[in-house]
Structures are given as structure tokens and as C-alpha cells.
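**Student:** Please find upload.txt (compact mmCIF, C-alpha atoms) on the next line:
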# COMPACT_ATOMS: atom_id res chain seq x y z
CA MET F 92 -15.74 -1.12 -37.91
CA SER F 93 -14.20 -1.01 -34.45
CA MET F 94 -16.00 1.20 -31.95
CA ILE F 95 -12.69 2.02 -30.27
CA VAL F 96 -9.61 3.20 -32.15
CA THR F 97 -6.18 3.60 -30.56
CA GLU F 98 -3.35 5.79 -31.76
CA ASP F 99 0.16 5.96 -30.31
CA ARG F 100 1.93 9.31 -30.35
CA GLY F 101 5.25 8.45 -28.80
CA PRO F 102 4.63 7.54 -25.15
CA VAL F 103 1.03 8.80 -25.35
CA ARG F 104 -1.82 6.49 -26.33
CA HIS F 105 -5.00 8.06 -27.62
CA VAL F 106 -8.07 5.91 -27.00
CA VAL F 107 -10.87 7.15 -29.24
CA LEU F 108 -14.61 6.49 -29.01
CA ASN F 109 -15.50 5.71 -32.61
CA ARG F 110 -19.27 5.57 -32.91
CA PRO F 111 -19.88 9.07 -34.29
CA GLU F 112 -23.10 8.16 -36.11
CA LYS F 113 -24.64 7.45 -32.67
CA ARG F 114 -22.97 10.42 -30.95
CA ASN F 115 -20.59 7.91 -29.36
CA ALA F 116 -23.41 6.49 -27.25
CA MET F 117 -21.92 3.90 -24.91
CA SER F 118 -23.31 0.51 -25.83
CA GLN F 119 -22.14 -2.77 -24.29
CA GLU F 120 -20.08 -3.47 -27.42
CA LEU F 121 -18.35 -0.10 -27.23
CA LEU F 122 -17.72 -0.45 -23.50
CA LEU F 123 -16.22 -3.93 -23.86
CA GLU F 124 -13.86 -2.63 -26.54
CA LEU F 125 -13.04 0.40 -24.40
CA GLY F 126 -12.22 -1.82 -21.42
CA ASP F 127 -9.89 -3.92 -23.57
CA ALA F 128 -8.14 -0.80 -24.90
CA LEU F 129 -7.70 0.66 -21.41
CA ARG F 130 -6.34 -2.61 -20.03
CA SER F 131 -3.88 -2.78 -22.92
CA ALA F 132 -2.72 0.79 -22.28
CA ALA F 133 -2.37 0.13 -18.56
CA GLY F 134 -0.17 -2.90 -19.16
CA ASP F 135 2.01 -1.45 -21.93
CA THR F 136 5.31 -0.23 -20.51
CA ALA F 137 5.84 1.97 -23.57
CA VAL F 138 2.76 4.04 -22.67
CA ASP F 139 3.28 6.79 -20.08
CA CYS F 140 0.03 8.70 -20.56
CA VAL F 141 -3.44 8.03 -21.99
CA VAL F 142 -5.80 10.47 -23.70
CA LEU F 143 -9.48 9.50 -23.93
CA ARG F 144 -11.42 11.37 -26.61
CA GLY F 145 -14.34 11.00 -29.01
CA GLU F 146 -14.56 10.96 -32.80
CA GLY F 147 -17.21 13.05 -34.55
CA PRO F 148 -19.38 15.96 -33.42
CA VAL F 149 -19.44 15.18 -29.66
CA PHE F 150 -17.36 13.42 -27.03
CA SER F 151 -20.29 11.22 -26.00
CA ALA F 152 -24.03 11.53 -25.43
CA GLY F 153 -23.77 8.96 -22.63
CA VAL F 154 -25.30 5.53 -22.25
CA ASP F 155 -27.03 3.83 -25.18
CA LEU F 156 -30.62 4.35 -24.06
CA VAL F 157 -32.01 1.40 -26.03
CA GLU F 158 -29.71 -1.01 -24.22
CA LEU F 159 -30.27 0.72 -20.88
CA MET F 160 -34.03 0.33 -21.17
CA ALA F 161 -33.59 -3.34 -22.05
CA SER F 162 -31.43 -3.92 -18.98
CA THR F 163 -33.70 -2.08 -16.55
CA GLY F 164 -36.78 -3.79 -17.95
CA GLN F 165 -35.60 -7.25 -16.89
CA PRO F 166 -34.91 -8.12 -13.24
CA GLY F 167 -31.31 -9.19 -12.72
CA MET F 168 -29.96 -7.55 -15.89
CA LEU F 169 -29.09 -4.14 -14.46
CA ARG F 170 -26.04 -5.20 -12.45
CA PRO F 171 -24.22 -7.01 -15.33
CA PHE F 172 -24.89 -4.06 -17.66
CA ARG F 173 -23.65 -1.64 -15.06
CA ASN F 174 -20.51 -3.66 -14.24
CA VAL F 175 -19.25 -3.46 -17.85
CA PHE F 176 -19.77 0.31 -17.73
CA LEU F 177 -18.18 0.80 -14.33
CA GLU F 178 -15.07 -1.18 -15.25
CA CYS F 179 -14.10 1.46 -17.82
CA ALA F 180 -14.16 4.27 -15.26
CA ASN F 181 -12.33 2.07 -12.76
CA LEU F 182 -9.61 1.21 -15.29
CA CYS F 183 -9.01 4.91 -15.96
CA GLU F 184 -8.72 5.57 -12.24
CA THR F 185 -6.59 2.59 -11.22
CA MET F 186 -3.99 2.43 -13.99
CA PRO F 187 -0.61 3.71 -12.68
CA LYS F 188 -0.34 6.43 -15.32
CA PRO F 189 -2.24 9.65 -15.94
CA VAL F 190 -5.42 9.62 -18.03
CA VAL F 191 -6.57 12.87 -19.63
CA CYS F 192 -10.12 13.17 -20.96
CA GLN F 193 -10.55 15.49 -23.95
CA ILE F 194 -14.17 16.69 -24.03
CA HIS F 195 -15.93 18.46 -26.87
CA ARG F 196 -19.57 19.54 -27.14
CA THR F 197 -21.43 16.89 -25.12
CA CYS F 198 -20.44 14.85 -22.07
CA VAL F 199 -23.47 13.75 -20.09
CA GLY F 200 -24.69 10.84 -18.00
CA GLY F 201 -22.53 7.74 -18.25
CA ALA F 202 -20.00 9.58 -20.44
CA LEU F 203 -19.34 12.05 -17.63
CA GLU F 204 -19.09 9.18 -15.16
CA VAL F 205 -16.33 7.64 -17.27
CA ALA F 206 -14.68 11.07 -17.56
CA LEU F 207 -14.76 11.36 -13.76
CA GLY F 208 -12.64 8.20 -13.61
CA CYS F 209 -9.96 10.06 -15.57
CA ASP F 210 -7.39 12.14 -13.72
CA LEU F 211 -7.73 15.40 -15.66
CA ARG F 212 -10.32 16.85 -18.01
CA VAL F 213 -9.83 19.41 -20.79
CA ALA F 214 -12.98 20.79 -22.41
CA SER F 215 -13.90 22.96 -25.37
CA SER F 216 -15.74 26.17 -24.52
CA ASP F 217 -18.89 24.89 -26.25
CA ALA F 218 -19.11 21.77 -24.09
CA GLN F 219 -22.09 20.85 -21.91
CA LEU F 220 -21.74 18.49 -18.98
CA GLY F 221 -24.13 16.95 -16.47
CA LEU F 222 -25.71 13.94 -14.82
CA PRO F 223 -29.43 14.05 -15.73
CA GLU F 224 -30.33 10.56 -14.48
CA VAL F 225 -32.85 11.60 -11.81
CA LYS F 226 -35.06 13.02 -14.56
CA PHE F 227 -35.64 9.41 -15.59
CA GLY F 228 -36.16 8.00 -12.11
CA ILE F 229 -32.66 6.56 -11.72
CA ILE F 230 -29.36 7.75 -10.23
CA PRO F 231 -25.78 8.02 -11.54
CA ASP F 232 -24.66 4.48 -10.71
CA VAL F 233 -21.39 3.95 -12.57
CA GLY F 234 -19.32 6.06 -10.22
CA GLY F 235 -20.94 9.44 -10.65
CA SER F 236 -22.55 9.58 -7.22
CA THR F 237 -19.25 8.48 -5.68
CA ARG F 238 -16.66 10.37 -7.69
CA LEU F 239 -18.36 13.71 -8.34
CA PRO F 240 -18.34 14.83 -4.65
CA ALA F 241 -14.60 14.20 -4.46
CA VAL F 242 -14.04 16.37 -7.54
CA VAL F 243 -16.38 19.34 -6.95
CA GLY F 244 -17.34 19.06 -3.29
CA LEU F 245 -20.44 17.67 -1.62
CA GLY F 246 -22.70 20.68 -2.07
CA ARG F 247 -21.94 21.13 -5.75
CA ALA F 248 -22.33 17.40 -6.40
CA LYS F 249 -25.73 17.35 -4.70
CA GLU F 250 -26.86 20.32 -6.74
CA LEU F 251 -25.77 18.84 -10.05
CA ILE F 252 -27.15 15.35 -9.41
CA MET F 253 -30.36 16.26 -7.59
CA THR F 254 -31.40 19.00 -10.06
CA ALA F 255 -30.20 17.09 -13.16
CA ARG F 256 -28.95 20.44 -14.48
CA LEU F 257 -26.53 20.62 -17.39
CA ILE F 258 -23.74 23.18 -17.11
CA ASP F 259 -21.48 24.82 -19.65
CA ALA F 260 -17.71 24.49 -19.78
CA ALA F 261 -17.08 27.81 -18.04
CA GLU F 262 -19.09 26.78 -15.00
CA ALA F 263 -17.54 23.31 -15.07
CA GLU F 264 -14.09 24.90 -14.86
CA ARG F 265 -15.18 27.29 -12.11
CA ILE F 266 -16.34 24.46 -9.85
CA GLY F 267 -13.39 22.20 -10.67
CA LEU F 268 -15.22 19.63 -12.78
CA VAL F 269 -12.82 20.31 -15.66
CA ASN F 270 -9.24 21.49 -15.36
CA ARG F 271 -8.93 23.62 -18.48
CA VAL F 272 -11.31 25.19 -21.01
CA VAL F 273 -10.22 26.41 -24.43
CA ALA F 274 -11.77 27.40 -27.74
CA PRO F 275 -12.90 24.39 -29.80
CA GLN F 276 -10.15 24.87 -32.37
CA GLU F 277 -7.53 24.85 -29.60
CA LEU F 278 -8.74 21.72 -27.81
CA GLU F 279 -6.26 19.27 -29.30
CA SER F 280 -3.26 21.55 -28.76
CA ALA F 281 -4.34 22.34 -25.19
CA THR F 282 -4.65 18.63 -24.43
CA GLN F 283 -1.20 18.02 -25.87
CA ALA F 284 0.24 20.87 -23.79
CA LEU F 285 -1.16 19.32 -20.61
CA VAL F 286 0.18 15.90 -21.61
CA GLU F 287 3.63 17.40 -22.15
CA GLU F 288 3.53 18.90 -18.65
CA LEU F 289 2.79 15.45 -17.26
CA LEU F 290 5.49 13.75 -19.33
CA ALA F 291 8.09 16.25 -18.13
CA ASN F 292 8.03 14.52 -14.75
CA SER F 293 8.99 11.07 -13.50
CA PRO F 294 6.31 8.65 -14.78
CA VAL F 295 6.81 6.44 -11.73
CA ALA F 296 6.33 9.34 -9.33
CA VAL F 297 3.32 10.68 -11.23
CA GLY F 298 1.65 7.26 -11.19
CA ARG F 299 2.28 6.66 -7.51
CA ALA F 300 1.16 10.17 -6.57
CA LYS F 301 -2.07 9.49 -8.44
CA ARG F 302 -2.65 6.35 -6.40
CA VAL F 303 -2.15 8.10 -3.05
CA ILE F 304 -4.31 11.10 -4.00
CA ASP F 305 -7.18 8.89 -5.16
CA ALA F 306 -6.99 6.78 -2.01
CA SER F 307 -7.18 9.86 0.18
CA ALA F 308 -10.09 11.36 -1.77
CA ARG F 309 -12.21 8.19 -1.89
CA PRO F 310 -11.31 5.95 1.06
CA ALA F 311 -14.61 4.06 0.91
CA LEU F 312 -14.80 3.72 -2.87
CA SER F 313 -15.77 0.05 -3.02
CA GLN F 314 -18.56 0.47 -0.46
CA THR F 315 -20.10 3.51 -2.12
CA LEU F 316 -19.90 1.97 -5.60
CA GLU F 317 -21.83 -1.03 -4.28
CA MET F 318 -24.34 1.31 -2.63
CA GLU F 319 -24.88 3.03 -6.00
CA VAL F 320 -26.03 -0.13 -7.74
CA ALA F 321 -28.11 -1.26 -4.75
CA VAL F 322 -29.95 2.07 -4.77
CA GLN F 323 -30.32 1.88 -8.54
CA GLU F 324 -31.91 -1.57 -8.28
CA TYR F 325 -34.36 -0.16 -5.72
CA CYS F 326 -35.24 2.80 -8.00
CA VAL F 327 -35.81 0.52 -10.98
CA ALA F 328 -37.92 -1.94 -8.99
CA GLU F 329 -40.01 0.90 -7.57
CA ALA F 330 -40.60 2.35 -11.05
CA ARG F 331 -41.55 -1.10 -12.36
CA GLU F 332 -44.06 -1.56 -9.51
CA ARG F 333 -45.52 1.90 -10.02
CA ALA F 334 -45.98 1.18 -13.73
CA ARG F 335 -47.74 -2.10 -12.86
CA GLN F 336 -50.12 -0.34 -10.46
CA ASP F 337 -50.90 2.37 -13.01
CA SER F 338 -51.63 -0.29 -15.61
CA GLU F 339 -53.99 -2.11 -13.25
CA SER F 340 -55.75 1.16 -12.35
CA GLN F 341 -56.28 2.03 -16.00
CA ALA F 342 -57.59 -1.46 -16.69
CA ALA F 343 -60.05 -1.16 -13.80
CA LEU F 344 -61.30 2.21 -15.05
CA ALA F 345 -61.72 0.79 -18.56
CA GLY F 346 -63.66 -2.16 -17.21
So, in terms of C-alpha cells, how does the structure I just supplied come out?

**Tutor:**
Amino acid sequence: MSMIVTEDRGPVRHVVLNRPEKRNAMSQELLLELGDALRSAAGDTAVDCVVLRGEGPVFSAGVDLVELMASTGQPGMLRPFRNVFLECANLCETMPKPVVCQIHRTCVGGALEVALGCDLRVASSDAQLGLPEVKFGIIPDVGGSTRLPAVVGLGRAKELIMTARLIDAAEAERIGLVNRVVAPQELESATQALVEELLANSPVAVGRAKRVIDASARPALSQTLEMEVAVQEYCVAEARERARQDSESQAALAG
């Protein structure tokens, strides 16, 4: 079964995370399929708008932790794992057409970082969002540390990332993290209403306006994205060294 399903509704392509049994956790396989689907949508002249959403009970619980632990446990594996992840957020941001993220229930960690690559976010009122990475000794390194400040402001971004706090949809709307919040049963219709507002305008002008706005908001994007992974590699190496020292200390005490 494909982990990504696409559905065309006229000029709108829905790209659907389809791993509901794992709460749409973002594995390498899912991310590779997602990248292919986003590239296809970006290059299809019949598509004027993209909606990214999740199948099942939640939008996405974030990165597949089993795969993440495998990548951080081996020197040199973190960057390739991270690059596959980052490409999905980058594709959402760079395609010359609007991308709307439809969020229900859960959108945390890497899932929120991909959502931040989208242009607009619509959330159900029961949604929870956040970047809890620092709880685990790492940082948001697939665009979260770079894109969140541009969306909610520096102070809010520092608070969310440095406290690892999850917030509800109402607070996310108040600080500008999501654009619209509606009751769960109204989420699909609210997303469609926003899409129709976008489609009522010139697709060329909308796409080019997106490009200029993003460039003005994140003029040093490539440098800060590289800084994210460099810092992440440092955090992982430091945690690995601390674990080694603790193991040696315990062995000495046992001896």
C-alpha cells in the first residue's frame, strides 16, 4: 500500500499522508514518496493549488522515532536522513503555487516542520502543535528553527522551541502559526473555502507573490538550514559522548 495517496479535484491536488496505523509517522519511505508527489504536483501545469493532509485519526505524529534513533546512533547517517525530510518542506515552499496544510488532531516535531514549509495552515479546534525536540537533546533541524521565527516572530519561536511546549489550535491561531481554526467536522469545508479564495486570483500572480514574500521573510534560508544540521550533529555527538562517559563510570563503579 502506498504511503502517499494523491487525489485531483479539478485544479487542486490533494496529497495525503497514508500511514494511519502509525499515526502517519514520517519514515524515510513515506518521505521519499511525499517528495515524489510534491515534485509531480509542482511540475503539473493542470495543478494550481496543493492541499497536504493526513489520513486517519491525526495529521502526523512527526518523525518515525525508530528510524530517527537509527540515524542518530551512527556517525554520518544523520545528514542523509535529514536531507530527505528537509526536501519535502523545501518543495512545499519553493513550488510556484500555493500549498495549504490541513491539520487535524496532532502536528508535532517533523510534521510541523513540513507544515511550516506550506504557505497556509488550516487546523481543527482539537489540534495540538509543537516542536518538542529539545526534550530529547536535539533541535528542530528540518526547517523548524529557521521557518518558525518568520511565521510567529522571534520571541514566540524561542518560547515554543526552547520550552518544547505543545499548544492548542486556538493559541496557534492567536500567534499566527495557523491561519484558520474550525470545528473538526468543518475542517474539510474550511480548507476548500480557502482554496477557492486562492483560485479566484491569477495563479501566476499568486505564485510569484509567494516567491517574493518568502524571499523577503527568509533572506538567509540556505545558511540557516545548514546551521541547523551542523548544530544537530554537535548535539548528537555530545549526547553520544556523554552516554559513553556514563557507561564507563558505571563500569568503574561495578568493578

**Student:** Which distance in Å separates atom CA of F:Leu290 and atom CA of F:Asp139, to one decimal?

**Tutor:**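 About the pair atom CA of F:Leu290 and atom CA of F:Asp139: they are 7.3 Å apart.
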
**Student:** Write out as a short mmCIF file (atom, residue, chain, number, x, y, z; two decimals) with C-alpha atoms, in the coordinates of the input each polymer residue whose atoms come within 12 Å of F:Leu257, counting all atoms listed in the file; drop sequence neighbours fewer than 6 positions from it.

**Tutor:**
data_model
loop_
_atom_site.label_atom_id
_atom_site.label_comp_id
_atom_site.auth_asym_id
_atom_site.auth_seq_id
_atom_site.Cartn_x
_atom_site.Cartn_y
_atom_site.Cartn_z
CA THR F 197 -21.43 16.89 -25.12
CA CYS F 198 -20.44 14.85 -22.07
CA VAL F 199 -23.47 13.75 -20.09
CA GLY F 200 -24.69 10.84 -18.00
CA LEU F 203 -19.34 12.05 -17.63
CA ALA F 218 -19.11 21.77 -24.09
CA GLN F 219 -22.09 20.85 -21.91
CA LEU F 220 -21.74 18.49 -18.98
CA GLY F 221 -24.13 16.95 -16.47
CA LEU F 222 -25.71 13.94 -14.82
CA PRO F 223 -29.43 14.05 -15.73
CA GLU F 224 -30.33 10.56 -14.48
CA LYS F 226 -35.06 13.02 -14.56
CA GLU F 250 -26.86 20.32 -6.74
CA LEU F 251 -25.77 18.84 -10.05
CA ALA F 263 -17.54 23.31 -15.07
#

**Student:** Using only C-alpha atoms, which protein or nucleic acid residues come within 7 Å of stretch 292-309 of chain F? Drop anything in the same chain fewer than 3 positions from it, and give the result as a PyMOL selection string.

**Tutor:** chain F and resi 139+187-189+241+289+312

**Student:** Report as a ChimeraX atom specification all protein, DNA and RNA residues lying within 9 Å of F:Val191, evaluated on all atoms listed in the file, omitting residues in the same chain fewer than 3 positions from it.

**Tutor:** /F:140-144,206,209-213,282,285-286

**Student:** Counting only C-alpha atoms, which residue out of F:Leu268, F:Val320, F:Val175, F:Ile252 sits closest to F:Met117?

**Tutor:**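 When distances to F:Met117 are compared using only C-alpha atoms, the smallest one comes from F:Val175.
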
**Student:** One decimal, Å: what's the distance from atom CA of F:Leu159 over to atom CA of F:Asn109, could you say?

**Tutor:**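 These two atoms are separated by 19.5 Å.
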
**Student:** So, with all atoms listed in the file as the atoms that count, which of F:Pro102, F:Gln323, F:Ala161, F:Arg271 lies closest to F:Ala284?

**Tutor:**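 Selected residue with least distance to F:Ala284: F:Arg271.
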
**Student:** Can you tell me how far atom CA of F:Glu332 sits from atom CA of F:Leu177, in Å to one decimal?

**Tutor:**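 These atoms are spaced 26.4 Å apart.
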
**Student:** Which neighbours of F:Gln119 fall inside 10 Å, counting all atoms listed in the file, when residues of the same chain fewer than 2 positions from it are skipped, and could you give them as an MDAnalysis selection string?

**Tutor:** chainID F and resid 116:117 121:125 154:155 158:159 172:173 175:176

**Student:** Taking C-alpha atoms for each residue, export the selection above as an mmCIF file, in the frame of the given file.

**Tutor:**
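What landed in part-v1.cif:
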data_model
loop_
_atom_site.group_PDB
_atom_site.id
_atom_site.type_symbol
_atom_site.label_atom_id
_atom_site.label_comp_id
_atom_site.auth_asym_id
_atom_site.auth_seq_id
_atom_site.Cartn_x
_atom_site.Cartn_y
_atom_site.Cartn_z
ATOM 1 C CA ALA F 116 -23.410 6.490 -27.250
ATOM 2 C CA MET F 117 -21.920 3.900 -24.910
ATOM 3 C CA LEU F 121 -18.350 -0.100 -27.230
ATOM 4 C CA LEU F 122 -17.720 -0.450 -23.500
ATOM 5 C CA LEU F 123 -16.220 -3.930 -23.860
ATOM 6 C CA GLU F 124 -13.860 -2.630 -26.540
ATOM 7 C CA LEU F 125 -13.040 0.400 -24.400
ATOM 8 C CA VAL F 154 -25.300 5.530 -22.250
ATOM 9 C CA ASP F 155 -27.030 3.830 -25.180
ATOM 10 C CA GLU F 158 -29.710 -1.010 -24.220
ATOM 11 C CA LEU F 159 -30.270 0.720 -20.880
ATOM 12 C CA PHE F 172 -24.890 -4.060 -17.660
ATOM 13 C CA ARG F 173 -23.650 -1.640 -15.060
ATOM 14 C CA VAL F 175 -19.250 -3.460 -17.850
ATOM 15 C CA PHE F 176 -19.770 0.310 -17.730
#

**Student:** Name the residues in contact with F:Ser215 at a cut-off of 10 Å, using only C-alpha atoms, excluding same-chain residues fewer than 3 positions from it; report them as a list of chain:residue names.

**Tutor:**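 Returned residues: F:Gln193, F:Ile194, F:His195, F:Arg196, F:Thr197, F:Ala218, F:Gln219, F:Asp259, F:Ala260, F:Ala261, F:Arg271, F:Val272, F:Val273, F:Ala274, F:Pro275, F:Gln276, F:Glu277, F:Leu278, F:Glu279, F:Ala281.
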
**Student:** Take the selection from the previous step and output its residues with C-alpha atoms, as a PDB file, in the frame of the given file.

**Tutor:**
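This is the output file again35.pdb:
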ATOM      1  CA  GLN F 193     -10.550  15.490 -23.950  1.00  0.00           C
ATOM      2  CA  ILE F 194     -14.170  16.690 -24.030  1.00  0.00           C
ATOM      3  CA  HIS F 195     -15.930  18.460 -26.870  1.00  0.00           C
ATOM      4  CA  ARG F 196     -19.570  19.540 -27.140  1.00  0.00           C
ATOM      5  CA  THR F 197     -21.430  16.890 -25.120  1.00  0.00           C
ATOM      6  CA  ALA F 218     -19.110  21.770 -24.090  1.00  0.00           C
ATOM      7  CA  GLN F 219     -22.090  20.850 -21.910  1.00  0.00           C
ATOM      8  CA  ASP F 259     -21.480  24.820 -19.650  1.00  0.00           C
ATOM      9  CA  ALA F 260     -17.710  24.490 -19.780  1.00  0.00           C
ATOM     10  CA  ALA F 261     -17.080  27.810 -18.040  1.00  0.00           C
ATOM     11  CA  ARG F 271      -8.930  23.620 -18.480  1.00  0.00           C
ATOM     12  CA  VAL F 272     -11.310  25.190 -21.010  1.00  0.00           C
ATOM     13  CA  VAL F 273     -10.220  26.410 -24.430  1.00  0.00           C
ATOM     14  CA  ALA F 274     -11.770  27.400 -27.740  1.00  0.00           C
ATOM     15  CA  PRO F 275     -12.900  24.390 -29.800  1.00  0.00           C
ATOM     16  CA  GLN F 276     -10.150  24.870 -32.370  1.00  0.00           C
ATOM     17  CA  GLU F 277      -7.530  24.850 -29.600  1.00  0.00           C
ATOM     18  CA  LEU F 278      -8.740  21.720 -27.810  1.00  0.00           C
ATOM     19  CA  GLU F 279      -6.260  19.270 -29.300  1.00  0.00           C
ATOM     20  CA  ALA F 281      -4.340  22.340 -25.190  1.00  0.00           C
TER      21      ALA F 281
END

**Student:** Have a look at F:Glu98, F:Glu287, F:Glu324, F:Asp217 and name the one nearest to F:Pro231; count only C-alpha atoms.

**Tutor:**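 Among F:Glu98, F:Glu287, F:Glu324, F:Asp217, it is F:Glu324 that comes nearest to F:Pro231.
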
**Student:** Counting only C-alpha atoms, figure out which residue out of F:Asp99, F:Arg104, F:Met92, F:Gly267 gets nearest to F:Glu120.

**Tutor:**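 Nearest candidate to F:Glu120 out of F:Asp99, F:Arg104, F:Met92, F:Gly267: F:Met92.
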
**Student:** Please reconstruct the missing atoms of stretch 311-334 of chain F (target: N, CA and C atoms) and return them as a PDB file, in the frame of the given file.

**Tutor:**
ATOM      1  N   ALA F 311     -13.579   5.111   0.834  1.00  0.00           N
ATOM      2  CA  ALA F 311     -14.610   4.060   0.910  1.00  0.00           C
ATOM      3  C   ALA F 311     -15.184   3.768  -0.470  1.00  0.00           C
ATOM      4  N   LEU F 312     -14.344   3.831  -1.493  1.00  0.00           N
ATOM      5  CA  LEU F 312     -14.800   3.720  -2.870  1.00  0.00           C
ATOM      6  C   LEU F 312     -15.607   2.445  -3.123  1.00  0.00           C
ATOM      7  N   SER F 313     -15.087   1.301  -2.710  1.00  0.00           N
ATOM      8  CA  SER F 313     -15.770   0.050  -3.020  1.00  0.00           C
ATOM      9  C   SER F 313     -17.148  -0.018  -2.368  1.00  0.00           C
ATOM     10  N   GLN F 314     -17.261   0.505  -1.139  1.00  0.00           N
ATOM     11  CA  GLN F 314     -18.560   0.470  -0.460  1.00  0.00           C
ATOM     12  C   GLN F 314     -19.578   1.377  -1.137  1.00  0.00           C
ATOM     13  N   THR F 315     -19.141   2.578  -1.528  1.00  0.00           N
ATOM     14  CA  THR F 315     -20.100   3.510  -2.120  1.00  0.00           C
ATOM     15  C   THR F 315     -20.470   3.092  -3.537  1.00  0.00           C
ATOM     16  N   LEU F 316     -19.558   2.478  -4.279  1.00  0.00           N
ATOM     17  CA  LEU F 316     -19.900   1.970  -5.600  1.00  0.00           C
ATOM     18  C   LEU F 316     -20.959   0.868  -5.496  1.00  0.00           C
ATOM     19  N   GLU F 317     -20.829   0.016  -4.499  1.00  0.00           N
ATOM     20  CA  GLU F 317     -21.830  -1.030  -4.280  1.00  0.00           C
ATOM     21  C   GLU F 317     -23.165  -0.407  -3.866  1.00  0.00           C
ATOM     22  N   MET F 318     -23.110   0.640  -3.051  1.00  0.00           N
ATOM     23  CA  MET F 318     -24.340   1.310  -2.630  1.00  0.00           C
ATOM     24  C   MET F 318     -25.045   1.919  -3.843  1.00  0.00           C
ATOM     25  N   GLU F 319     -24.276   2.455  -4.797  1.00  0.00           N
ATOM     26  CA  GLU F 319     -24.880   3.030  -6.000  1.00  0.00           C
ATOM     27  C   GLU F 319     -25.772   2.021  -6.709  1.00  0.00           C
ATOM     28  N   VAL F 320     -25.243   0.844  -6.966  1.00  0.00           N
ATOM     29  CA  VAL F 320     -26.030  -0.130  -7.740  1.00  0.00           C
ATOM     30  C   VAL F 320     -27.190  -0.679  -6.911  1.00  0.00           C
ATOM     31  N   ALA F 321     -27.002  -0.804  -5.592  1.00  0.00           N
ATOM     32  CA  ALA F 321     -28.110  -1.260  -4.750  1.00  0.00           C
ATOM     33  C   ALA F 321     -29.252  -0.253  -4.776  1.00  0.00           C
ATOM     34  N   VAL F 322     -28.931   1.027  -4.694  1.00  0.00           N
ATOM     35  CA  VAL F 322     -29.950   2.070  -4.770  1.00  0.00           C
ATOM     36  C   VAL F 322     -30.602   2.086  -6.147  1.00  0.00           C
ATOM     37  N   GLN F 323     -29.778   1.896  -7.186  1.00  0.00           N
ATOM     38  CA  GLN F 323     -30.320   1.880  -8.540  1.00  0.00           C
ATOM     39  C   GLN F 323     -31.316   0.738  -8.713  1.00  0.00           C
ATOM     40  N   GLU F 324     -30.991  -0.425  -8.189  1.00  0.00           N
ATOM     41  CA  GLU F 324     -31.910  -1.570  -8.280  1.00  0.00           C
ATOM     42  C   GLU F 324     -33.219  -1.248  -7.570  1.00  0.00           C
ATOM     43  N   TYR F 325     -33.145  -0.559  -6.435  1.00  0.00           N
ATOM     44  CA  TYR F 325     -34.360  -0.160  -5.720  1.00  0.00           C
ATOM     45  C   TYR F 325     -35.187   0.801  -6.572  1.00  0.00           C
ATOM     46  N   CYS F 326     -34.527   1.817  -7.183  1.00  0.00           N
ATOM     47  CA  CYS F 326     -35.240   2.800  -8.000  1.00  0.00           C
ATOM     48  C   CYS F 326     -35.938   2.124  -9.178  1.00  0.00           C
ATOM     49  N   VAL F 327     -35.243   1.214  -9.823  1.00  0.00           N
ATOM     50  CA  VAL F 327     -35.810   0.520 -10.980  1.00  0.00           C
ATOM     51  C   VAL F 327     -36.981  -0.359 -10.567  1.00  0.00           C
ATOM     52  N   ALA F 328     -36.830  -1.075  -9.458  1.00  0.00           N
ATOM     53  CA  ALA F 328     -37.920  -1.940  -8.990  1.00  0.00           C
ATOM     54  C   ALA F 328     -39.136  -1.106  -8.595  1.00  0.00           C
ATOM     55  N   GLU F 329     -38.907   0.039  -7.971  1.00  0.00           N
ATOM     56  CA  GLU F 329     -40.010   0.900  -7.570  1.00  0.00           C
ATOM     57  C   GLU F 329     -40.731   1.450  -8.794  1.00  0.00           C
ATOM     58  N   ALA F 330     -39.979   1.840  -9.823  1.00  0.00           N
ATOM     59  CA  ALA F 330     -40.600   2.350 -11.050  1.00  0.00           C
ATOM     60  C   ALA F 330     -41.393   1.248 -11.751  1.00  0.00           C
ATOM     61  N   ARG F 331     -40.859   0.034 -11.732  1.00  0.00           N
ATOM     62  CA  ARG F 331     -41.550  -1.100 -12.360  1.00  0.00           C
ATOM     63  C   ARG F 331     -42.876  -1.382 -11.630  1.00  0.00           C
ATOM     64  N   GLU F 332     -42.855  -1.320 -10.301  1.00  0.00           N
ATOM     65  CA  GLU F 332     -44.060  -1.560  -9.510  1.00  0.00           C
ATOM     66  C   GLU F 332     -45.080  -0.445  -9.719  1.00  0.00           C
ATOM     67  N   ARG F 333     -44.600   0.788  -9.792  1.00  0.00           N
ATOM     68  CA  ARG F 333     -45.520   1.900 -10.020  1.00  0.00           C
ATOM     69  C   ARG F 333     -46.199   1.778 -11.386  1.00  0.00           C
ATOM     70  N   ALA F 334     -45.421   1.369 -12.397  1.00  0.00           N
ATOM     71  CA  ALA F 334     -45.980   1.180 -13.730  1.00  0.00           C
ATOM     72  C   ALA F 334     -47.035   0.075 -13.729  1.00  0.00           C
TER      73      ALA F 334
END
